[in-house]
Amino acid sequence: MNAKELNQQYSIVGFLNQNGFQPTIKKGHNYWYVSMIRDLEVHPSLKVDTTKNLWYDHGSGVGGTLIDLACKIFKTEDVKEVIRLITGGFSSFHPQKTAQAPTSGGKTKLRIVNAGYMQDDGLITYLNLRGVSIDVARTYCKELTYSNNGQVFKGIAFKNQSGGYEIRSNGFKSCIAPKDNSFIENNGINLLIFEGFMDFLSYVMLPVFHVADANFLVLNSLSLLGKASAHLAEHDSKFLFLDNDQSGFKVANQLKLGYSRVVDMSLFYAEYKDLNDFLIQKKEAYE
């Protein structure tokens, strides 16, 4: 399938729904969304015309086809990769080796086979490589067995607040829609914010970083920051454990401008790519 065929056969509204984005306002054939391509957006400014299957973001003055929007959401200009992500039914960024499940031919719909106790040797080895103990992983994650197009996969699954999953395994990063933030409630007054769940698990492994009386928010993508506005507003202090890259710096600065009592914890691992990289490099000191 090429880009033109995909734009004709797949609806933008369906794609957004599959990835956890719901319209705030519906006016006839126009669906309005809080923009998912700009950080800290709180008002609906991205319009989808369902008759033309086109979108326009009034805040940034850009618009286009489904492919154009998907490129911005997935943060890539690789059109072939974006087509694969859309038609595959879930976001995946690296190939995964897997055994072929018996099928009767033809394509099968993505489905979760089982979500249970973490025990797969390959997943445990992967966790060890990332510096995360199996006990910590079992506290917050499941071992997910799922199938797609007749193939069976296993992954470490971290559930979000809409019922979707972020999935990781060695050389593989994916999600099962709907995509959303993950919030862990501890009746705390402070909010600790992470970009991905591996960084959250790394935080649990690193007592030196622990903050008392805290709830946890895992964004699962910086593009989903707009979905976190309620959690951000209702907490006293916000502690940021974001990546040390341009995207992480940008979001950290925007949060500092938009909210009071924001503490950027990345300063304490400034020489490392992210908190998990810090853990991997320093894990011997904490074992």
# chains A, B, ... in the order shown; residues from 1 in each chain; ligands from 1
>>> residues_around(residues="region 235-252 of chain A", least_positions_apart="4", cutoff="8 Å", atoms="only C-alpha atoms", output="JSON list (two decimals) with N, CA, C and O atoms, in the first residue's frame")
[["chain", "number", "residue", "atom", "x", "y", "z"],
["A", 39, "ASP", "N", 3.07, 20.57, 22.47],
["A", 39, "ASP", "CA", 3.13, 20.31, 23.90],
["A", 39, "ASP", "C", 2.30, 21.31, 24.69],
["A", 39, "ASP", "O", 2.16, 22.47, 24.32],
["A", 189, "ILE", "N", 1.02, 14.07, 47.54],
["A", 189, "ILE", "CA", 0.80, 15.46, 47.14],
["A", 189, "ILE", "C", 1.78, 15.89, 46.05],
["A", 189, "ILE", "O", 1.59, 16.92, 45.41],
["A", 190, "ASN", "N", 2.83, 15.10, 45.85],
["A", 190, "ASN", "CA", 3.82, 15.39, 44.82],
["A", 190, "ASN", "C", 3.60, 14.49, 43.61],
["A", 190, "ASN", "O", 3.07, 13.38, 43.73],
["A", 191, "LEU", "N", 4.02, 14.96, 42.45],
["A", 191, "LEU", "CA", 3.86, 14.20, 41.21],
["A", 191, "LEU", "C", 5.23, 14.02, 40.57],
["A", 191, "LEU", "O", 5.93, 15.00, 40.28],
["A", 192, "LEU", "N", 5.60, 12.78, 40.32],
["A", 192, "LEU", "CA", 6.85, 12.45, 39.64],
["A", 192, "LEU", "C", 6.52, 12.07, 38.21],
["A", 192, "LEU", "O", 5.66, 11.21, 37.98],
["A", 193, "ILE", "N", 7.19, 12.71, 37.25],
["A", 193, "ILE", "CA", 6.82, 12.57, 35.84],
["A", 193, "ILE", "C", 7.96, 11.92, 35.06],
["A", 193, "ILE", "O", 9.10, 12.38, 35.11],
["A", 194, "PHE", "N", 7.62, 10.87, 34.32],
["A", 194, "PHE", "CA", 8.59, 10.12, 33.52],
["A", 194, "PHE", "C", 8.11, 10.06, 32.08],
["A", 194, "PHE", "O", 6.90, 10.03, 31.81],
["A", 195, "GLU", "N", 9.06, 10.01, 31.15],
["A", 195, "GLU", "CA", 8.68, 9.90, 29.75],
["A", 195, "GLU", "C", 8.23, 8.49, 29.40],
["A", 195, "GLU", "O", 7.24, 8.31, 28.70],
["A", 199, "ASP", "N", 12.10, 4.21, 32.50],
["A", 199, "ASP", "CA", 12.66, 5.22, 33.39],
["A", 199, "ASP", "C", 11.97, 5.18, 34.75],
["A", 199, "ASP", "O", 12.62, 5.37, 35.78],
["A", 222, "LEU", "N", 6.02, 12.02, 24.92],
["A", 222, "LEU", "CA", 5.93, 13.45, 25.20],
["A", 222, "LEU", "C", 4.75, 14.09, 24.47],
["A", 222, "LEU", "O", 4.23, 15.12, 24.90],
["A", 231, "HIS", "N", -3.80, 15.92, 36.04],
["A", 231, "HIS", "CA", -2.85, 15.43, 37.05],
["A", 231, "HIS", "C", -1.84, 16.51, 37.43],
["A", 231, "HIS", "O", -1.48, 16.65, 38.60],
["A", 256, "LYS", "N", 8.00, 24.30, 33.46],
["A", 256, "LYS", "CA", 8.47, 25.31, 34.41],
["A", 256, "LYS", "C", 7.75, 26.64, 34.20],
["A", 256, "LYS", "O", 7.45, 27.36, 35.16],
["A", 260, "SER", "N", 3.84, 26.14, 38.82],
["A", 260, "SER", "CA", 4.73, 26.47, 39.92],
["A", 260, "SER", "C", 5.31, 25.20, 40.52],
["A", 260, "SER", "O", 4.80, 24.10, 40.30],
["A", 261, "ARG", "N", 6.39, 25.34, 41.26],
["A", 261, "ARG", "CA", 7.02, 24.24, 42.00],
["A", 261, "ARG", "C", 7.34, 23.05, 41.10],
["A", 261, "ARG", "O", 6.89, 21.94, 41.34],
["A", 262, "VAL", "N", 8.11, 23.30, 40.06],
["A", 262, "VAL", "CA", 8.58, 22.25, 39.15],
["A", 262, "VAL", "C", 10.08, 22.05, 39.39],
["A", 262, "VAL", "O", 10.85, 23.01, 39.29],
["A", 263, "VAL", "N", 10.48, 20.82, 39.68],
["A", 263, "VAL", "CA", 11.87, 20.50, 39.97],
["A", 263, "VAL", "C", 12.39, 19.59, 38.86],
["A", 263, "VAL", "O", 11.85, 18.49, 38.64],
["A", 264, "ASP", "N", 13.43, 20.02, 38.17],
["A", 264, "ASP", "CA", 14.01, 19.24, 37.07],
["A", 264, "ASP", "C", 15.10, 18.33, 37.63],
["A", 264, "ASP", "O", 16.23, 18.74, 37.87],
["A", 265, "MET", "N", 14.75, 17.05, 37.79],
["A", 265, "MET", "CA", 15.68, 16.08, 38.38],
["A", 265, "MET", "C", 16.73, 15.60, 37.39],
["A", 265, "MET", "O", 17.69, 14.93, 37.78],
["A", 266, "SER", "N", 16.57, 15.92, 36.11],
["A", 266, "SER", "CA", 17.55, 15.46, 35.11],
["A", 266, "SER", "C", 18.92, 16.05, 35.34],
["A", 266, "SER", "O", 19.92, 15.54, 34.83],
["A", 270, "ALA", "N", 22.76, 14.39, 34.43],
["A", 270, "ALA", "CA", 22.97, 15.21, 33.23],
["A", 270, "ALA", "C", 23.96, 14.61, 32.25],
["A", 270, "ALA", "O", 23.91, 14.89, 31.05],
["A", 272, "TYR", "N", 24.12, 11.57, 31.39],
["A", 272, "TYR", "CA", 23.56, 10.32, 30.84],
["A", 272, "TYR", "C", 22.35, 10.65, 29.98],
["A", 272, "TYR", "O", 21.69, 11.68, 30.15],
["A", 273, "LYS", "N", 22.04, 9.74, 29.07],
["A", 273, "LYS", "CA", 20.93, 9.96, 28.14],
["A", 273, "LYS", "C", 19.60, 10.08, 28.88],
["A", 273, "LYS", "O", 18.77, 10.94, 28.57],
["A", 274, "ASP", "N", 19.38, 9.21, 29.83],
["A", 274, "ASP", "CA", 18.14, 9.22, 30.60],
["A", 274, "ASP", "C", 18.38, 8.48, 31.92],
["A", 274, "ASP", "O", 19.50, 8.05, 32.20],
["A", 275, "LEU", "N", 17.34, 8.34, 32.71],
["A", 275, "LEU", "CA", 17.49, 7.72, 34.02],
["A", 275, "LEU", "C", 17.87, 6.25, 33.91],
["A", 275, "LEU", "O", 18.64, 5.74, 34.74]]
>>> closest_atom_pairs(of="region 124-201 of chain A", to="region 216-219 of chain A", cutoff="12 Å", atoms="only C-alpha atoms", output="JSON lines")
{"residue": "A:Tyr140", "atom": "CA", "partner": "A:Phe216", "partner_atom": "CA", "distance": 11.7}
{"residue": "A:Phe158", "atom": "CA", "partner": "A:Val218", "partner_atom": "CA", "distance": 9.9}
{"residue": "A:Lys159", "atom": "CA", "partner": "A:Val218", "partner_atom": "CA", "distance": 10.3}
{"residue": "A:Asn160", "atom": "CA", "partner": "A:Val218", "partner_atom": "CA", "distance": 8.5}
{"residue": "A:Gln161", "atom": "CA", "partner": "A:Val218", "partner_atom": "CA", "distance": 10.2}
{"residue": "A:Glu166", "atom": "CA", "partner": "A:Val218", "partner_atom": "CA", "distance": 10.6}
{"residue": "A:Lys179", "atom": "CA", "partner": "A:Leu219", "partner_atom": "CA", "distance": 9.8}
{"residue": "A:Asp180", "atom": "CA", "partner": "A:Leu219", "partner_atom": "CA", "distance": 7.3}
{"residue": "A:Asn181", "atom": "CA", "partner": "A:Leu219", "partner_atom": "CA", "distance": 4.6}
{"residue": "A:Ser182", "atom": "CA", "partner": "A:Val218", "partner_atom": "CA", "distance": 5.0}
{"residue": "A:Phe183", "atom": "CA", "partner": "A:Leu217", "partner_atom": "CA", "distance": 4.6}
{"residue": "A:Ile184", "atom": "CA", "partner": "A:Phe216", "partner_atom": "CA", "distance": 5.0}
{"residue": "A:Glu185", "atom": "CA", "partner": "A:Phe216", "partner_atom": "CA", "distance": 6.8}
{"residue": "A:Asn186", "atom": "CA", "partner": "A:Phe216", "partner_atom": "CA", "distance": 8.0}
{"residue": "A:Asn187", "atom": "CA", "partner": "A:Phe216", "partner_atom": "CA", "distance": 10.3}
{"residue": "A:Gly188", "atom": "CA", "partner": "A:Phe216", "partner_atom": "CA", "distance": 9.0}
{"residue": "A:Ile189", "atom": "CA", "partner": "A:Phe216", "partner_atom": "CA", "distance": 10.6}
{"residue": "A:Asn190", "atom": "CA", "partner": "A:Phe216", "partner_atom": "CA", "distance": 8.5}
{"residue": "A:Leu191", "atom": "CA", "partner": "A:Phe216", "partner_atom": "CA", "distance": 5.8}
{"residue": "A:Leu192", "atom": "CA", "partner": "A:Phe216", "partner_atom": "CA", "distance": 4.9}
{"residue": "A:Ile193", "atom": "CA", "partner": "A:Leu217", "partner_atom": "CA", "distance": 4.9}
{"residue": "A:Phe194", "atom": "CA", "partner": "A:Val218", "partner_atom": "CA", "distance": 4.7}
{"residue": "A:Glu195", "atom": "CA", "partner": "A:Leu219", "partner_atom": "CA", "distance": 5.1}
{"residue": "A:Gly196", "atom": "CA", "partner": "A:Val218", "partner_atom": "CA", "distance": 5.8}
{"residue": "A:Phe197", "atom": "CA", "partner": "A:Val218", "partner_atom": "CA", "distance": 6.1}
{"residue": "A:Met198", "atom": "CA", "partner": "A:Val218", "partner_atom": "CA", "distance": 9.5}
{"residue": "A:Asp199", "atom": "CA", "partner": "A:Val218", "partner_atom": "CA", "distance": 8.8}
{"residue": "A:Phe200", "atom": "CA", "partner": "A:Val218", "partner_atom": "CA", "distance": 7.1}
{"residue": "A:Leu201", "atom": "CA", "partner": "A:Val218", "partner_atom": "CA", "distance": 10.3}
>>> select_by_dssp(residues="region 75-202 of chain A", states="alpha helix (DSSP H)", output="PDB file with N, CA, C and O atoms, in the first residue's frame")
ATOM      1  N   VAL A  79       8.137   7.706   5.567  1.00  0.00           N
ATOM      2  CA  VAL A  79       6.754   7.423   5.181  1.00  0.00           C
ATOM      3  C   VAL A  79       6.482   5.915   5.163  1.00  0.00           C
ATOM      4  O   VAL A  79       5.406   5.466   5.587  1.00  0.00           O
ATOM      5  N   LYS A  80       7.438   5.132   4.707  1.00  0.00           N
ATOM      6  CA  LYS A  80       7.242   3.679   4.687  1.00  0.00           C
ATOM      7  C   LYS A  80       7.027   3.130   6.093  1.00  0.00           C
ATOM      8  O   LYS A  80       6.183   2.261   6.303  1.00  0.00           O
ATOM      9  N   GLU A  81       7.791   3.641   7.045  1.00  0.00           N
ATOM     10  CA  GLU A  81       7.636   3.204   8.432  1.00  0.00           C
ATOM     11  C   GLU A  81       6.284   3.628   8.983  1.00  0.00           C
ATOM     12  O   GLU A  81       5.601   2.864   9.668  1.00  0.00           O
ATOM     13  N   VAL A  82       5.848   4.841   8.660  1.00  0.00           N
ATOM     14  CA  VAL A  82       4.558   5.322   9.133  1.00  0.00           C
ATOM     15  C   VAL A  82       3.419   4.483   8.556  1.00  0.00           C
ATOM     16  O   VAL A  82       2.460   4.149   9.266  1.00  0.00           O
ATOM     17  N   ILE A  83       3.505   4.124   7.287  1.00  0.00           N
ATOM     18  CA  ILE A  83       2.484   3.262   6.679  1.00  0.00           C
ATOM     19  C   ILE A  83       2.418   1.929   7.409  1.00  0.00           C
ATOM     20  O   ILE A  83       1.334   1.403   7.697  1.00  0.00           O
ATOM     21  N   ARG A  84       3.590   1.387   7.746  1.00  0.00           N
ATOM     22  CA  ARG A  84       3.621   0.111   8.464  1.00  0.00           C
ATOM     23  C   ARG A  84       3.001   0.246   9.847  1.00  0.00           C
ATOM     24  O   ARG A  84       2.253  -0.623  10.304  1.00  0.00           O
ATOM     25  N   LEU A  85       3.272   1.356  10.531  1.00  0.00           N
ATOM     26  CA  LEU A  85       2.720   1.574  11.855  1.00  0.00           C
ATOM     27  C   LEU A  85       1.198   1.672  11.815  1.00  0.00           C
ATOM     28  O   LEU A  85       0.505   1.115  12.663  1.00  0.00           O
ATOM     29  N   ILE A  86       0.671   2.382  10.813  1.00  0.00           N
ATOM     30  CA  ILE A  86      -0.775   2.562  10.712  1.00  0.00           C
ATOM     31  C   ILE A  86      -1.459   1.254  10.342  1.00  0.00           C
ATOM     32  O   ILE A  86      -2.431   0.833  10.974  1.00  0.00           O
ATOM     33  N   THR A  87      -0.970   0.585   9.312  1.00  0.00           N
ATOM     34  CA  THR A  87      -1.636  -0.626   8.829  1.00  0.00           C
ATOM     35  C   THR A  87      -1.426  -1.811   9.765  1.00  0.00           C
ATOM     36  O   THR A  87      -2.205  -2.752   9.760  1.00  0.00           O
ATOM     37  N   GLY A  88      -0.395  -1.760  10.607  1.00  0.00           N
ATOM     38  CA  GLY A  88      -0.158  -2.846  11.554  1.00  0.00           C
ATOM     39  C   GLY A  88      -1.106  -2.840  12.727  1.00  0.00           C
ATOM     40  O   GLY A  88      -1.206  -3.820  13.458  1.00  0.00           O
ATOM     41  N   ASP A 121      12.175 -16.373  30.203  1.00  0.00           N
ATOM     42  CA  ASP A 121      13.619 -16.206  30.404  1.00  0.00           C
ATOM     43  C   ASP A 121      14.183 -15.066  29.562  1.00  0.00           C
ATOM     44  O   ASP A 121      15.046 -14.312  30.013  1.00  0.00           O
ATOM     45  N   GLY A 122      13.700 -14.940  28.327  1.00  0.00           N
ATOM     46  CA  GLY A 122      14.186 -13.884  27.456  1.00  0.00           C
ATOM     47  C   GLY A 122      13.849 -12.501  27.993  1.00  0.00           C
ATOM     48  O   GLY A 122      14.664 -11.575  27.928  1.00  0.00           O
ATOM     49  N   LEU A 123      12.648 -12.341  28.539  1.00  0.00           N
ATOM     50  CA  LEU A 123      12.245 -11.051  29.096  1.00  0.00           C
ATOM     51  C   LEU A 123      13.029 -10.730  30.370  1.00  0.00           C
ATOM     52  O   LEU A 123      13.392  -9.589  30.610  1.00  0.00           O
ATOM     53  N   ILE A 124      13.275 -11.750  31.177  1.00  0.00           N
ATOM     54  CA  ILE A 124      14.050 -11.542  32.405  1.00  0.00           C
ATOM     55  C   ILE A 124      15.485 -11.145  32.066  1.00  0.00           C
ATOM     56  O   ILE A 124      16.066 -10.252  32.694  1.00  0.00           O
ATOM     57  N   THR A 125      16.052 -11.776  31.035  1.00  0.00           N
ATOM     58  CA  THR A 125      17.399 -11.401  30.587  1.00  0.00           C
ATOM     59  C   THR A 125      17.423  -9.954  30.108  1.00  0.00           C
ATOM     60  O   THR A 125      18.353  -9.194  30.408  1.00  0.00           O
ATOM     61  N   TYR A 126      16.392  -9.561  29.376  1.00  0.00           N
ATOM     62  CA  TYR A 126      16.300  -8.183  28.901  1.00  0.00           C
ATOM     63  C   TYR A 126      16.225  -7.201  30.066  1.00  0.00           C
ATOM     64  O   TYR A 126      16.899  -6.154  30.066  1.00  0.00           O
ATOM     65  N   LEU A 127      15.433  -7.528  31.081  1.00  0.00           N
ATOM     66  CA  LEU A 127      15.336  -6.667  32.258  1.00  0.00           C
ATOM     67  C   LEU A 127      16.691  -6.521  32.946  1.00  0.00           C
ATOM     68  O   LEU A 127      17.065  -5.430  33.373  1.00  0.00           O
ATOM     69  N   ASN A 128      17.420  -7.623  33.025  1.00  0.00           N
ATOM     70  CA  ASN A 128      18.750  -7.572  33.626  1.00  0.00           C
ATOM     71  C   ASN A 128      19.662  -6.629  32.848  1.00  0.00           C
ATOM     72  O   ASN A 128      20.450  -5.880  33.435  1.00  0.00           O
ATOM     73  N   LEU A 129      19.558  -6.666  31.520  1.00  0.00           N
ATOM     74  CA  LEU A 129      20.364  -5.770  30.692  1.00  0.00           C
ATOM     75  C   LEU A 129      20.003  -4.314  30.936  1.00  0.00           C
ATOM     76  O   LEU A 129      20.861  -3.432  30.826  1.00  0.00           O
ATOM     77  N   ILE A 134      13.687  -8.354  38.509  1.00  0.00           N
ATOM     78  CA  ILE A 134      12.439  -9.022  38.149  1.00  0.00           C
ATOM     79  C   ILE A 134      11.348  -8.705  39.171  1.00  0.00           C
ATOM     80  O   ILE A 134      10.176  -8.584  38.823  1.00  0.00           O
ATOM     81  N   ASP A 135      11.726  -8.532  40.449  1.00  0.00           N
ATOM     82  CA  ASP A 135      10.729  -8.227  41.482  1.00  0.00           C
ATOM     83  C   ASP A 135      10.084  -6.865  41.238  1.00  0.00           C
ATOM     84  O   ASP A 135       8.865  -6.710  41.385  1.00  0.00           O
ATOM     85  N   VAL A 136      10.886  -5.874  40.865  1.00  0.00           N
ATOM     86  CA  VAL A 136      10.335  -4.551  40.560  1.00  0.00           C
ATOM     87  C   VAL A 136       9.437  -4.622  39.326  1.00  0.00           C
ATOM     88  O   VAL A 136       8.333  -4.067  39.308  1.00  0.00           O
ATOM     89  N   ALA A 137       9.890  -5.327  38.295  1.00  0.00           N
ATOM     90  CA  ALA A 137       9.096  -5.450  37.070  1.00  0.00           C
ATOM     91  C   ALA A 137       7.767  -6.148  37.344  1.00  0.00           C
ATOM     92  O   ALA A 137       6.720  -5.738  36.823  1.00  0.00           O
ATOM     93  N   ARG A 138       7.793  -7.178  38.160  1.00  0.00           N
ATOM     94  CA  ARG A 138       6.550  -7.908  38.462  1.00  0.00           C
ATOM     95  C   ARG A 138       5.564  -7.055  39.254  1.00  0.00           C
ATOM     96  O   ARG A 138       4.349  -7.270  39.170  1.00  0.00           O
ATOM     97  N   THR A 139       6.061  -6.096  39.998  1.00  0.00           N
ATOM     98  CA  THR A 139       5.178  -5.230  40.781  1.00  0.00           C
ATOM     99  C   THR A 139       4.336  -4.332  39.885  1.00  0.00           C
ATOM    100  O   THR A 139       3.158  -4.079  40.173  1.00  0.00           O
ATOM    101  N   TYR A 140       4.920  -3.880  38.784  1.00  0.00           N
ATOM    102  CA  TYR A 140       4.249  -2.875  37.955  1.00  0.00           C
ATOM    103  C   TYR A 140       3.895  -3.347  36.539  1.00  0.00           C
ATOM    104  O   TYR A 140       3.172  -2.636  35.830  1.00  0.00           O
ATOM    105  N   PHE A 197       8.105   4.024  30.730  1.00  0.00           N
ATOM    106  CA  PHE A 197       8.015   3.214  31.947  1.00  0.00           C
ATOM    107  C   PHE A 197       9.341   2.588  32.353  1.00  0.00           C
ATOM    108  O   PHE A 197       9.527   2.255  33.527  1.00  0.00           O
ATOM    109  N   MET A 198      10.286   2.428  31.436  1.00  0.00           N
ATOM    110  CA  MET A 198      11.596   1.927  31.824  1.00  0.00           C
ATOM    111  C   MET A 198      12.308   2.934  32.734  1.00  0.00           C
ATOM    112  O   MET A 198      13.039   2.544  33.647  1.00  0.00           O
ATOM    113  N   ASP A 199      12.096   4.213  32.497  1.00  0.00           N
ATOM    114  CA  ASP A 199      12.658   5.224  33.385  1.00  0.00           C
ATOM    115  C   ASP A 199      11.972   5.181  34.746  1.00  0.00           C
ATOM    116  O   ASP A 199      12.618   5.374  35.781  1.00  0.00           O
ATOM    117  N   PHE A 200      10.665   4.932  34.755  1.00  0.00           N
ATOM    118  CA  PHE A 200       9.961   4.794  36.034  1.00  0.00           C
ATOM    119  C   PHE A 200      10.495   3.595  36.822  1.00  0.00           C
ATOM    120  O   PHE A 200      10.764   3.695  38.023  1.00  0.00           O
ATOM    121  N   LEU A 201      10.648   2.436  36.156  1.00  0.00           N
ATOM    122  CA  LEU A 201      11.199   1.261  36.834  1.00  0.00           C
ATOM    123  C   LEU A 201      12.619   1.537  37.329  1.00  0.00           C
ATOM    124  O   LEU A 201      13.014   1.062  38.403  1.00  0.00           O
ATOM    125  N   SER A 202      13.371   2.301  36.556  1.00  0.00           N
ATOM    126  CA  SER A 202      14.731   2.664  36.964  1.00  0.00           C
ATOM    127  C   SER A 202      14.698   3.517  38.229  1.00  0.00           C
ATOM    128  O   SER A 202      15.534   3.353  39.129  1.00  0.00           O
TER     129      SER A 202
END
>>> select_by_dssp(residues="region 2-179 of chain A", states="strand (DSSP E or B)", output="VMD selection string")
chain A and resid 25 to 27 30 to 34 44 to 49 54 to 57 62 to 64 92 100 111 to 116 142 to 148 151 to 159 165 to 169 172 to 176
>>> residues_around(residues="Ile37 (chain A)", least_positions_apart="3", cutoff="7 Å", atoms="only C-alpha atoms", output="PyMOL selection string")
chain A and resi 72-73+223
>>> write_last_selection(atoms="C-alpha atoms", output="PDB file, in the first residue's frame")
ATOM      1  CA  LYS A  72       4.208  14.281  13.389  1.00  0.00           C
ATOM      2  CA  ILE A  73       2.728  11.966  16.024  1.00  0.00           C
ATOM      3  CA  SER A 223       3.206  14.027  22.602  1.00  0.00           C
TER       4      SER A 223
END
>>> closest_residue(among="A:Lys47, A:Pro178, A:Ser229, A:Met205", to="Gly258 (chain A)", atoms="only C-alpha atoms")
A:Ser229
>>> residues_around(residues="region 154-156 of chain A", least_positions_apart="4", cutoff="7 Å", atoms="only C-alpha atoms", output="list in words")
Leu123, Cys141, Lys142, Glu143, Leu144, Thr145, Tyr146, Ile167, Arg168 and Ser169 of chain A
>>> write_last_selection(atoms="all heavy atoms", output="mmCIF file, in the first residue's frame")
data_model
loop_
_atom_site.group_PDB
_atom_site.id
_atom_site.type_symbol
_atom_site.label_atom_id
_atom_site.label_comp_id
_atom_site.auth_asym_id
_atom_site.auth_seq_id
_atom_site.Cartn_x
_atom_site.Cartn_y
_atom_site.Cartn_z
ATOM 1 N N LEU A 123 12.648 -12.341 28.539
ATOM 2 C CA LEU A 123 12.245 -11.051 29.096
ATOM 3 C C LEU A 123 13.029 -10.730 30.370
ATOM 4 O O LEU A 123 13.392 -9.589 30.610
ATOM 5 C CB LEU A 123 10.745 -11.052 29.374
ATOM 6 C CG LEU A 123 9.829 -11.218 28.160
ATOM 7 C CD1 LEU A 123 8.366 -11.166 28.586
ATOM 8 C CD2 LEU A 123 10.119 -10.167 27.091
ATOM 9 N N CYS A 141 4.393 -4.496 36.123
ATOM 10 C CA CYS A 141 4.223 -4.930 34.731
ATOM 11 C C CYS A 141 3.648 -6.341 34.657
ATOM 12 O O CYS A 141 3.632 -7.084 35.642
ATOM 13 C CB CYS A 141 5.566 -4.901 33.987
ATOM 14 S SG CYS A 141 6.405 -3.318 34.026
ATOM 15 N N LYS A 142 3.218 -6.689 33.482
ATOM 16 C CA LYS A 142 2.749 -8.035 33.167
ATOM 17 C C LYS A 142 3.580 -8.621 32.030
ATOM 18 O O LYS A 142 4.202 -7.883 31.251
ATOM 19 C CB LYS A 142 1.279 -8.007 32.731
ATOM 20 C CG LYS A 142 0.307 -7.529 33.787
ATOM 21 C CD LYS A 142 0.148 -8.536 34.897
ATOM 22 C CE LYS A 142 -0.947 -8.107 35.869
ATOM 23 N NZ LYS A 142 -1.081 -9.082 36.985
ATOM 24 N N GLU A 143 3.588 -9.916 31.933
ATOM 25 C CA GLU A 143 4.122 -10.575 30.750
ATOM 26 C C GLU A 143 2.964 -10.742 29.773
ATOM 27 O O GLU A 143 1.988 -11.416 30.076
ATOM 28 C CB GLU A 143 4.721 -11.933 31.094
ATOM 29 C CG GLU A 143 5.265 -12.686 29.887
ATOM 30 C CD GLU A 143 5.883 -14.024 30.265
ATOM 31 O OE1 GLU A 143 6.757 -14.038 31.146
ATOM 32 O OE2 GLU A 143 5.473 -15.053 29.681
ATOM 33 N N LEU A 144 3.065 -10.095 28.644
ATOM 34 C CA LEU A 144 1.970 -10.092 27.677
ATOM 35 C C LEU A 144 2.281 -11.010 26.509
ATOM 36 O O LEU A 144 3.338 -10.897 25.888
ATOM 37 C CB LEU A 144 1.729 -8.674 27.166
ATOM 38 C CG LEU A 144 0.427 -8.439 26.400
ATOM 39 C CD1 LEU A 144 -0.756 -8.486 27.353
ATOM 40 C CD2 LEU A 144 0.460 -7.107 25.681
ATOM 41 N N THR A 145 1.375 -11.907 26.225
ATOM 42 C CA THR A 145 1.442 -12.714 25.013
ATOM 43 C C THR A 145 0.357 -12.201 24.082
ATOM 44 O O THR A 145 -0.805 -12.090 24.468
ATOM 45 C CB THR A 145 1.192 -14.200 25.315
ATOM 46 O OG1 THR A 145 2.131 -14.645 26.296
ATOM 47 C CG2 THR A 145 1.355 -15.049 24.058
ATOM 48 N N TYR A 146 0.750 -11.833 22.859
ATOM 49 C CA TYR A 146 -0.214 -11.262 21.924
ATOM 50 C C TYR A 146 0.123 -11.723 20.512
ATOM 51 O O TYR A 146 1.242 -12.150 20.221
ATOM 52 C CB TYR A 146 -0.226 -9.731 22.008
ATOM 53 C CG TYR A 146 1.100 -9.073 21.750
ATOM 54 C CD1 TYR A 146 1.380 -8.493 20.516
ATOM 55 C CD2 TYR A 146 2.095 -9.032 22.726
ATOM 56 C CE1 TYR A 146 2.600 -7.882 20.258
ATOM 57 C CE2 TYR A 146 3.310 -8.427 22.481
ATOM 58 C CZ TYR A 146 3.566 -7.859 21.256
ATOM 59 O OH TYR A 146 4.775 -7.263 21.006
ATOM 60 N N ILE A 167 4.706 -1.844 25.371
ATOM 61 C CA ILE A 167 5.361 -3.155 25.347
ATOM 62 C C ILE A 167 6.838 -2.987 25.019
ATOM 63 O O ILE A 167 7.200 -2.244 24.107
ATOM 64 C CB ILE A 167 4.713 -4.091 24.311
ATOM 65 C CG1 ILE A 167 3.197 -4.170 24.525
ATOM 66 C CG2 ILE A 167 5.318 -5.498 24.401
ATOM 67 C CD1 ILE A 167 2.474 -4.906 23.429
ATOM 68 N N ARG A 168 7.678 -3.712 25.760
ATOM 69 C CA ARG A 168 9.115 -3.716 25.507
ATOM 70 C C ARG A 168 9.649 -5.142 25.582
ATOM 71 O O ARG A 168 9.186 -5.956 26.378
ATOM 72 C CB ARG A 168 9.878 -2.856 26.529
ATOM 73 C CG ARG A 168 9.451 -1.416 26.620
ATOM 74 C CD ARG A 168 9.825 -0.631 25.379
ATOM 75 N NE ARG A 168 9.471 0.779 25.529
ATOM 76 C CZ ARG A 168 8.287 1.283 25.226
ATOM 77 N NH1 ARG A 168 7.342 0.498 24.732
ATOM 78 N NH2 ARG A 168 8.048 2.572 25.390
ATOM 79 N N SER A 169 10.632 -5.420 24.752
ATOM 80 C CA SER A 169 11.440 -6.626 24.855
ATOM 81 C C SER A 169 12.748 -6.318 24.139
ATOM 82 O O SER A 169 12.942 -5.212 23.628
ATOM 83 C CB SER A 169 10.743 -7.848 24.250
ATOM 84 O OG SER A 169 10.464 -7.643 22.877
#
>>> decode(residues="region 40-54 of chain A", atoms="C-alpha atoms", output="tab-separated table (two decimals), in the first residue's frame")
chain	number	residue	atom	x	y	z
A	40	LEU	CA	1.01	21.68	26.75
A	41	GLU	CA	-2.02	22.32	24.57
A	42	VAL	CA	-5.25	22.38	26.61
A	43	HIS	CA	-7.88	23.77	24.21
A	44	PRO	CA	-9.18	22.01	21.08
A	45	SER	CA	-7.42	23.57	18.09
A	46	LEU	CA	-6.84	20.67	15.72
A	47	LYS	CA	-9.74	20.11	13.34
A	48	VAL	CA	-10.43	16.99	11.28
A	49	ASP	CA	-12.80	17.29	8.33
A	50	THR	CA	-14.29	13.80	8.09
A	51	THR	CA	-15.71	14.35	4.61
A	52	LYS	CA	-12.36	15.37	3.11
A	53	ASN	CA	-10.32	13.22	5.53
A	54	LEU	CA	-7.97	16.14	6.12
